[in-house]
>>> print(open('work20.tsv').read())   # TSV, N, CA and C atoms
chain	number	residue	atom	x	y	z
A	320	MET	N	2.83	4.35	-2.60
A	320	MET	CA	2.70	3.19	-1.76
A	320	MET	C	3.22	3.56	-0.37
A	321	LEU	N	2.37	4.25	0.37
A	321	LEU	CA	2.72	4.74	1.70
A	321	LEU	C	1.78	4.14	2.73
A	322	GLY	N	2.16	4.18	3.99
A	322	GLY	CA	1.27	3.81	5.07
A	322	GLY	C	1.77	2.71	5.98
A	323	THR	N	2.57	1.80	5.45
A	323	THR	CA	3.03	0.68	6.27
A	323	THR	C	3.82	1.15	7.48
A	324	ASN	N	4.71	2.09	7.28
A	324	ASN	CA	5.50	2.59	8.43
A	324	ASN	C	4.61	3.22	9.48
A	325	ASP	N	3.56	3.92	9.04
A	325	ASP	CA	2.62	4.51	10.01
A	325	ASP	C	1.99	3.41	10.86
A	326	LEU	N	1.56	2.33	10.21
A	326	LEU	CA	0.95	1.22	10.95
A	326	LEU	C	1.95	0.59	11.91
A	327	LEU	N	3.18	0.42	11.46
A	327	LEU	CA	4.21	-0.17	12.32
A	327	LEU	C	4.53	0.70	13.53
A	328	GLN	N	4.26	2.00	13.41
A	328	GLN	CA	4.52	2.93	14.52
A	328	GLN	C	3.29	3.12	15.41
A	329	GLY	N	2.25	2.30	15.19
A	329	GLY	CA	1.08	2.33	16.06
A	329	GLY	C	-0.09	3.16	15.57
A	330	CYS	N	0.02	3.71	14.39
A	330	CYS	CA	-1.07	4.50	13.81
A	330	CYS	C	-2.21	3.55	13.40
A	331	SER	N	-3.43	3.97	13.58
A	331	SER	CA	-4.57	3.17	13.13
A	331	SER	C	-4.67	3.26	11.60
A	332	PRO	N	-5.33	2.29	10.96
A	332	PRO	CA	-5.51	2.37	9.51
A	332	PRO	C	-6.24	3.65	9.10
A	333	GLU	N	-7.22	4.05	9.88
A	333	GLU	CA	-7.98	5.26	9.58
A	333	GLU	C	-7.08	6.50	9.67
A	334	ASP	N	-6.27	6.59	10.71
A	334	ASP	CA	-5.38	7.73	10.85
A	334	ASP	C	-4.30	7.75	9.77
A	335	ALA	N	-3.78	6.57	9.42
A	335	ALA	CA	-2.78	6.49	8.35
A	335	ALA	C	-3.38	6.95	7.03
A	336	ALA	N	-4.62	6.56	6.77
A	336	ALA	CA	-5.30	6.99	5.54
A	336	ALA	C	-5.55	8.50	5.57
A	337	GLY	N	-5.83	9.04	6.74
A	337	GLY	CA	-6.01	10.49	6.87
A	337	GLY	C	-4.73	11.24	6.56
A	338	LYS	N	-3.61	10.72	7.04
A	338	LYS	CA	-2.32	11.34	6.73
A	338	LYS	C	-2.04	11.26	5.23
A	339	LEU	N	-2.37	10.13	4.63
A	339	LEU	CA	-2.18	9.97	3.19
A	339	LEU	C	-3.06	10.94	2.41
A	340	GLU	N	-4.29	11.13	2.86
A	340	GLU	CA	-5.18	12.08	2.20
A	340	GLU	C	-4.61	13.50	2.28
A	341	GLY	N	-4.06	13.86	3.42
A	341	GLY	CA	-3.43	15.17	3.55
A	341	GLY	C	-2.28	15.35	2.57
A	342	PHE	N	-1.47	14.31	2.43
A	342	PHE	CA	-0.37	14.35	1.48
A	342	PHE	C	-0.89	14.51	0.05
A	343	LEU	N	-1.85	13.67	-0.33
A	343	LEU	CA	-2.38	13.71	-1.69
A	343	LEU	C	-3.07	15.03	-2.00
A	344	SER	N	-3.75	15.59	-1.02
A	344	SER	CA	-4.45	16.86	-1.22
A	344	SER	C	-3.48	18.01	-1.46
A	345	GLY	N	-2.25	17.86	-1.00
A	345	GLY	CA	-1.25	18.91	-1.18
A	345	GLY	C	-0.52	18.85	-2.51
A	346	LEU	N	-0.78	17.81	-3.30
A	346	LEU	CA	-0.11	17.68	-4.60
A	346	LEU	C	-0.74	18.62	-5.63
A	347	SER	N	0.09	19.15	-6.50
A	347	SER	CA	-0.43	20.03	-7.56
A	347	SER	C	-0.50	19.27	-8.87
A	348	LEU	N	-0.95	18.03	-8.82
A	348	LEU	CA	-1.11	17.19	-10.01
A	348	LEU	C	-2.58	17.01	-10.31
A	349	LYS	N	-2.89	16.77	-11.56
A	349	LYS	CA	-4.26	16.43	-11.94
A	349	LYS	C	-4.56	15.01	-11.46
A	350	PRO	N	-5.82	14.73	-11.16
A	350	PRO	CA	-6.17	13.39	-10.67
A	350	PRO	C	-5.70	12.26	-11.59
A	351	ASP	N	-5.72	12.48	-12.90
A	351	ASP	CA	-5.31	11.41	-13.81
A	351	ASP	C	-3.79	11.21	-13.85
A	352	GLN	N	-3.06	12.03	-13.12
A	352	GLN	CA	-1.61	11.89	-13.04
A	352	GLN	C	-1.17	11.16	-11.78
A	353	ILE	N	-2.13	10.72	-10.97
A	353	ILE	CA	-1.82	10.09	-9.69
A	353	ILE	C	-2.30	8.63	-9.71
A	354	LEU	N	-1.45	7.76	-9.24
A	354	LEU	CA	-1.82	6.37	-9.02
A	354	LEU	C	-1.55	6.06	-7.55
A	355	LEU	N	-2.59	5.81	-6.81
A	355	LEU	CA	-2.46	5.43	-5.41
A	355	LEU	C	-2.31	3.92	-5.34
A	356	ILE	N	-1.22	3.47	-4.75
A	356	ILE	CA	-0.94	2.04	-4.66
A	356	ILE	C	-0.98	1.63	-3.19
A	357	ALA	N	-1.91	0.74	-2.87
A	357	ALA	CA	-1.97	0.22	-1.50
A	357	ALA	C	-0.89	-0.83	-1.34
A	358	PRO	N	-0.10	-0.73	-0.27
A	358	PRO	CA	0.95	-1.73	-0.06
A	358	PRO	C	0.36	-3.11	0.19
A	359	PRO	N	1.18	-4.14	0.02
A	359	PRO	CA	0.66	-5.49	0.29
A	359	PRO	C	0.38	-5.67	1.76
A	360	PRO	N	-0.53	-6.57	2.09
A	360	PRO	CA	-0.76	-6.84	3.50
A	360	PRO	C	0.50	-7.41	4.13
A	361	MET	N	0.74	-7.00	5.35
A	361	MET	CA	1.90	-7.53	6.08
A	361	MET	C	1.69	-9.00	6.37
A	362	ALA	N	2.81	-9.68	6.62
A	362	ALA	CA	2.79	-11.10	6.99
A	362	ALA	C	3.60	-11.26	8.28
A	363	LEU	N	3.38	-12.35	8.96
A	363	LEU	CA	4.18	-12.60	10.15
A	363	LEU	C	5.66	-12.61	9.77
A	364	GLY	N	6.45	-11.95	10.58
A	364	GLY	CA	7.88	-11.87	10.31
A	364	GLY	C	8.59	-11.13	11.42
A	365	GLU	N	9.84	-10.82	11.17
A	365	GLU	CA	10.68	-10.16	12.17
A	365	GLU	C	10.08	-8.84	12.67
A	366	TRP	N	9.43	-8.09	11.78
A	366	TRP	CA	8.85	-6.80	12.16
A	366	TRP	C	7.36	-6.89	12.48
A	367	VAL	N	6.74	-7.99	12.13
A	367	VAL	CA	5.29	-8.13	12.26
A	367	VAL	C	5.01	-9.36	13.14
A	368	SER	N	4.65	-9.09	14.37
A	368	SER	CA	4.46	-10.20	15.31
A	368	SER	C	3.02	-10.37	15.75
A	369	SER	N	2.10	-9.60	15.17
A	369	SER	CA	0.72	-9.70	15.63
A	369	SER	C	-0.26	-9.79	14.46
A	370	GLN	N	-1.31	-10.52	14.72
A	370	GLN	CA	-2.40	-10.61	13.75
A	370	GLN	C	-3.03	-9.24	13.53
A	371	GLN	N	-3.04	-8.42	14.58
A	371	GLN	CA	-3.64	-7.08	14.47
A	371	GLN	C	-2.95	-6.25	13.39
A	372	LEU	N	-1.62	-6.28	13.33
A	372	LEU	CA	-0.91	-5.54	12.29
A	372	LEU	C	-1.27	-6.05	10.91
A	373	MET	N	-1.37	-7.36	10.77
A	373	MET	CA	-1.75	-7.92	9.47
A	373	MET	C	-3.17	-7.48	9.09
A	374	ASP	N	-4.08	-7.53	10.05
A	374	ASP	CA	-5.45	-7.10	9.79
A	374	ASP	C	-5.50	-5.61	9.46
A	375	ASP	N	-4.74	-4.81	10.22
A	375	ASP	CA	-4.71	-3.36	9.98
A	375	ASP	C	-4.20	-3.05	8.58
A	376	SER	N	-3.23	-3.82	8.10
A	376	SER	CA	-2.69	-3.54	6.76
A	376	SER	C	-3.74	-3.84	5.69
A	377	ARG	N	-4.58	-4.83	5.91
A	377	ARG	CA	-5.67	-5.11	4.96
A	377	ARG	C	-6.74	-4.00	5.03
A	378	THR	N	-7.04	-3.57	6.24
A	378	THR	CA	-8.01	-2.49	6.41
A	378	THR	C	-7.50	-1.20	5.78
A	379	PHE	N	-6.20	-0.93	5.93
A	379	PHE	CA	-5.61	0.26	5.33
A	379	PHE	C	-5.80	0.25	3.81
A	380	ALA	N	-5.63	-0.90	3.18
A	380	ALA	CA	-5.82	-1.00	1.73
A	380	ALA	C	-7.27	-0.64	1.35
A	381	GLU	N	-8.22	-1.05	2.17
A	381	GLU	CA	-9.63	-0.70	1.91
A	381	GLU	C	-9.83	0.81	2.02
A	382	TYR	N	-9.21	1.43	3.01
A	382	TYR	CA	-9.28	2.89	3.14
A	382	TYR	C	-8.64	3.58	1.93
A	383	CYS	N	-7.54	3.03	1.45
A	383	CYS	CA	-6.88	3.60	0.27
A	383	CYS	C	-7.79	3.55	-0.94
A	384	ASP	N	-8.47	2.43	-1.12
A	384	ASP	CA	-9.41	2.29	-2.24
A	384	ASP	C	-10.51	3.34	-2.14
A	385	ALA	N	-11.08	3.49	-0.96
A	385	ALA	CA	-12.14	4.48	-0.76
A	385	ALA	C	-11.61	5.90	-0.99
A	386	LEU	N	-10.39	6.16	-0.54
A	386	LEU	CA	-9.78	7.47	-0.72
A	386	LEU	C	-9.58	7.77	-2.20
A	387	ALA	N	-9.08	6.80	-2.94
A	387	ALA	CA	-8.88	6.98	-4.38
A	387	ALA	C	-10.20	7.28	-5.08
A	388	GLN	N	-11.24	6.56	-4.71
A	388	GLN	CA	-12.55	6.82	-5.31
A	388	GLN	C	-13.03	8.23	-4.97
A	389	ARG	N	-12.87	8.63	-3.73
A	389	ARG	CA	-13.32	9.96	-3.30
A	389	ARG	C	-12.56	11.07	-4.02
A	390	LEU	N	-11.25	10.87	-4.24
A	390	LEU	CA	-10.43	11.89	-4.90
A	390	LEU	C	-10.44	11.78	-6.42
A	391	GLY	N	-11.04	10.72	-6.94
A	391	GLY	CA	-11.10	10.54	-8.40
A	391	GLY	C	-9.75	10.21	-9.01
A	392	ILE	N	-8.93	9.44	-8.26
A	392	ILE	CA	-7.62	9.06	-8.77
A	392	ILE	C	-7.57	7.54	-8.99
A	393	ARG	N	-6.60	7.11	-9.78
A	393	ARG	CA	-6.45	5.68	-10.05
A	393	ARG	C	-5.95	4.97	-8.81
A	394	PHE	N	-6.26	3.67	-8.74
A	394	PHE	CA	-5.91	2.88	-7.57
A	394	PHE	C	-5.45	1.49	-7.98
A	395	ALA	N	-4.44	0.99	-7.30
A	395	ALA	CA	-3.97	-0.38	-7.46
A	395	ALA	C	-3.73	-0.97	-6.08
A	396	ASP	N	-4.17	-2.19	-5.88
A	396	ASP	CA	-4.00	-2.87	-4.60
A	396	ASP	C	-2.96	-3.97	-4.76
A	397	VAL	N	-1.76	-3.75	-4.25
A	397	VAL	CA	-0.68	-4.72	-4.37
A	397	VAL	C	-1.04	-6.03	-3.66
A	398	GLY	N	-1.99	-5.98	-2.75
A	398	GLY	CA	-2.44	-7.19	-2.07
A	398	GLY	C	-3.01	-8.21	-3.03
A	399	ASP	N	-3.42	-7.78	-4.21
A	399	ASP	CA	-3.96	-8.69	-5.23
A	399	ASP	C	-2.87	-9.27	-6.13
A	400	TRP	N	-1.62	-8.90	-5.91
A	400	TRP	CA	-0.55	-9.24	-6.84
A	400	TRP	C	0.33	-10.40	-6.38
A	401	ASP	N	0.08	-11.01	-5.26
A	401	ASP	CA	0.87	-12.14	-4.75
A	401	ASP	C	2.36	-11.83	-4.71
A	402	ILE	N	2.70	-10.76	-4.03
A	402	ILE	CA	4.10	-10.33	-3.89
A	402	ILE	C	4.75	-11.10	-2.74
A	403	PRO	N	5.83	-11.83	-3.00
A	403	PRO	CA	6.53	-12.50	-1.90
A	403	PRO	C	7.23	-11.47	-1.00
A	404	LEU	N	7.04	-11.64	0.30
A	404	LEU	CA	7.65	-10.72	1.27
A	404	LEU	C	8.86	-11.36	1.94
A	405	ALA	N	9.77	-10.51	2.38
A	405	ALA	CA	11.02	-10.95	3.01
A	405	ALA	C	10.77	-11.39	4.46
A	406	TYR	N	11.83	-11.76	5.12
A	406	TYR	CA	11.80	-12.26	6.50
A	406	TYR	C	11.12	-11.31	7.48
A	407	ASP	N	11.09	-10.00	7.14
A	407	ASP	CA	10.54	-9.03	8.09
A	407	ASP	C	9.01	-8.94	8.02
A	408	GLY	N	8.40	-9.52	6.98
A	408	GLY	CA	6.95	-9.47	6.84
A	408	GLY	C	6.43	-8.21	6.21
A	409	VAL	N	7.36	-7.35	5.71
A	409	VAL	CA	6.98	-6.05	5.17
A	409	VAL	C	7.55	-5.81	3.77
A	410	HIS	N	8.85	-5.98	3.64
A	410	HIS	CA	9.53	-5.64	2.38
A	410	HIS	C	9.47	-6.78	1.37
A	411	PHE	N	9.60	-6.43	0.10
A	411	PHE	CA	9.59	-7.42	-0.97
A	411	PHE	C	10.89	-8.23	-0.99
A	412	THR	N	10.79	-9.49	-1.40
A	412	THR	CA	11.98	-10.26	-1.73
A	412	THR	C	12.45	-9.79	-3.11
A	413	ALA	N	13.58	-10.33	-3.58
A	413	ALA	CA	14.06	-10.00	-4.93
A	413	ALA	C	12.99	-10.38	-5.96
A	414	GLN	N	12.40	-11.56	-5.80
A	414	GLN	CA	11.32	-11.97	-6.72
A	414	GLN	C	10.12	-11.05	-6.55
A	415	GLY	N	9.87	-10.61	-5.34
A	415	GLY	CA	8.77	-9.69	-5.10
A	415	GLY	C	8.93	-8.39	-5.86
A	416	HIS	N	10.15	-7.88	-5.93
A	416	HIS	CA	10.41	-6.66	-6.70
A	416	HIS	C	10.16	-6.89	-8.18
A	417	ARG	N	10.57	-8.05	-8.69
A	417	ARG	CA	10.33	-8.36	-10.10
A	417	ARG	C	8.82	-8.46	-10.39
A	418	THR	N	8.12	-9.13	-9.51
A	418	THR	CA	6.67	-9.27	-9.67
A	418	THR	C	6.00	-7.90	-9.60
A	419	PHE	N	6.41	-7.09	-8.63
A	419	PHE	CA	5.84	-5.75	-8.49
A	419	PHE	C	6.06	-4.94	-9.77
A	420	ALA	N	7.27	-4.96	-10.30
A	420	ALA	CA	7.57	-4.19	-11.51
A	420	ALA	C	6.72	-4.66	-12.68
A	421	ALA	N	6.58	-5.96	-12.84
A	421	ALA	CA	5.79	-6.49	-13.95
A	421	ALA	C	4.32	-6.10	-13.82
A	422	LYS	N	3.77	-6.22	-12.62
A	422	LYS	CA	2.37	-5.86	-12.39
A	422	LYS	C	2.14	-4.36	-12.55
A	423	LEU	N	3.10	-3.57	-12.09
A	423	LEU	CA	2.97	-2.13	-12.22
A	423	LEU	C	2.98	-1.72	-13.70
A	424	LEU	N	3.81	-2.36	-14.48
A	424	LEU	CA	3.82	-2.06	-15.92
A	424	LEU	C	2.46	-2.34	-16.55
A	425	GLU	N	1.82	-3.44	-16.12
A	425	GLU	CA	0.49	-3.76	-16.63
A	425	GLU	C	-0.51	-2.66	-16.29
A	426	VAL	N	-0.44	-2.17	-15.06
A	426	VAL	CA	-1.36	-1.12	-14.62
A	426	VAL	C	-1.13	0.18	-15.39
A	427	LEU	N	0.12	0.49	-15.67
A	427	LEU	CA	0.45	1.76	-16.32
A	427	LEU	C	0.20	1.76	-17.83
A	428	LYS	N	0.00	0.61	-18.41
A	428	LYS	CA	-0.26	0.55	-19.86
A	428	LYS	C	-1.63	1.06	-20.20
>>> encode(input="work20.tsv", output="structure tokens")
Amino acid sequence: MLGTNDLLQGCSPEDAAGKLEGFLSGLSLKPDQILLIAPPPMALGEWVSSQQLMDDSRTFAEYCDALAQRLGIRFADVGDWDIPLAYDGVHFTAQGHRTFAAKLLEVLK
């Protein structure tokens, strides 16, 4: 679940996905041993003050899905999991961590 920090530092969704592809391509794991998890879309908050960042985070998830398909690896989109985010618009709340863990267990079964 990488990429949010890249977006927060001004990286485009496409460039962030390219960096992620470089990382994944360097792994010595079989495709069935990798689960690419797209982070949840950002929300307005202390760290997220623009609609553009929120839109970019949704676009990044789409790039992650396409990347997973291209590399033949498993994919999960946390944006579908209704994770509550903290005041900063990026990190999970305590309940968000519980929800994430429960949903991740479902995916891994």
>>> residues_around(input="work20.tsv", residues="region 332-334 of chain A", least_positions_apart="5", cutoff="7 Å", atoms="all atoms listed in the file", output="ChimeraX atom specification")
/A:326,339,375-376,378-379,382
>>> atom_distance(input="work20.tsv", atom1="atom C of Phe342 (chain A)", atom2="CA of Val397 (chain A)")
19.7 Å
>>> residues_around(input="work20.tsv", residues="Ile356 (chain A)", least_positions_apart="6", cutoff="7 Å", atoms="only N, CA and C atoms", output="list in words")
Met320, Leu321, Arg393, Phe394, Ala395, Asp396 and Val397 of chain A
>>> select_by_dssp(input="work20.tsv", residues="chain A", states="strand (DSSP E or B)", output="number ranges by chain")
A: 354-357, 393-396, 404, 411
>>> select_by_dssp(input="work20.tsv", residues="chain A", states="helix (DSSP H, G or I)", output="PyMOL selection string")
chain A and resi 323-327+332-344+350-352+370-390+397-399+413-427
>>> atom_distance(input="work20.tsv", atom1="atom N of Asp407 (chain A)", atom2="atom N of Ser368 (chain A)")
9.7 Å
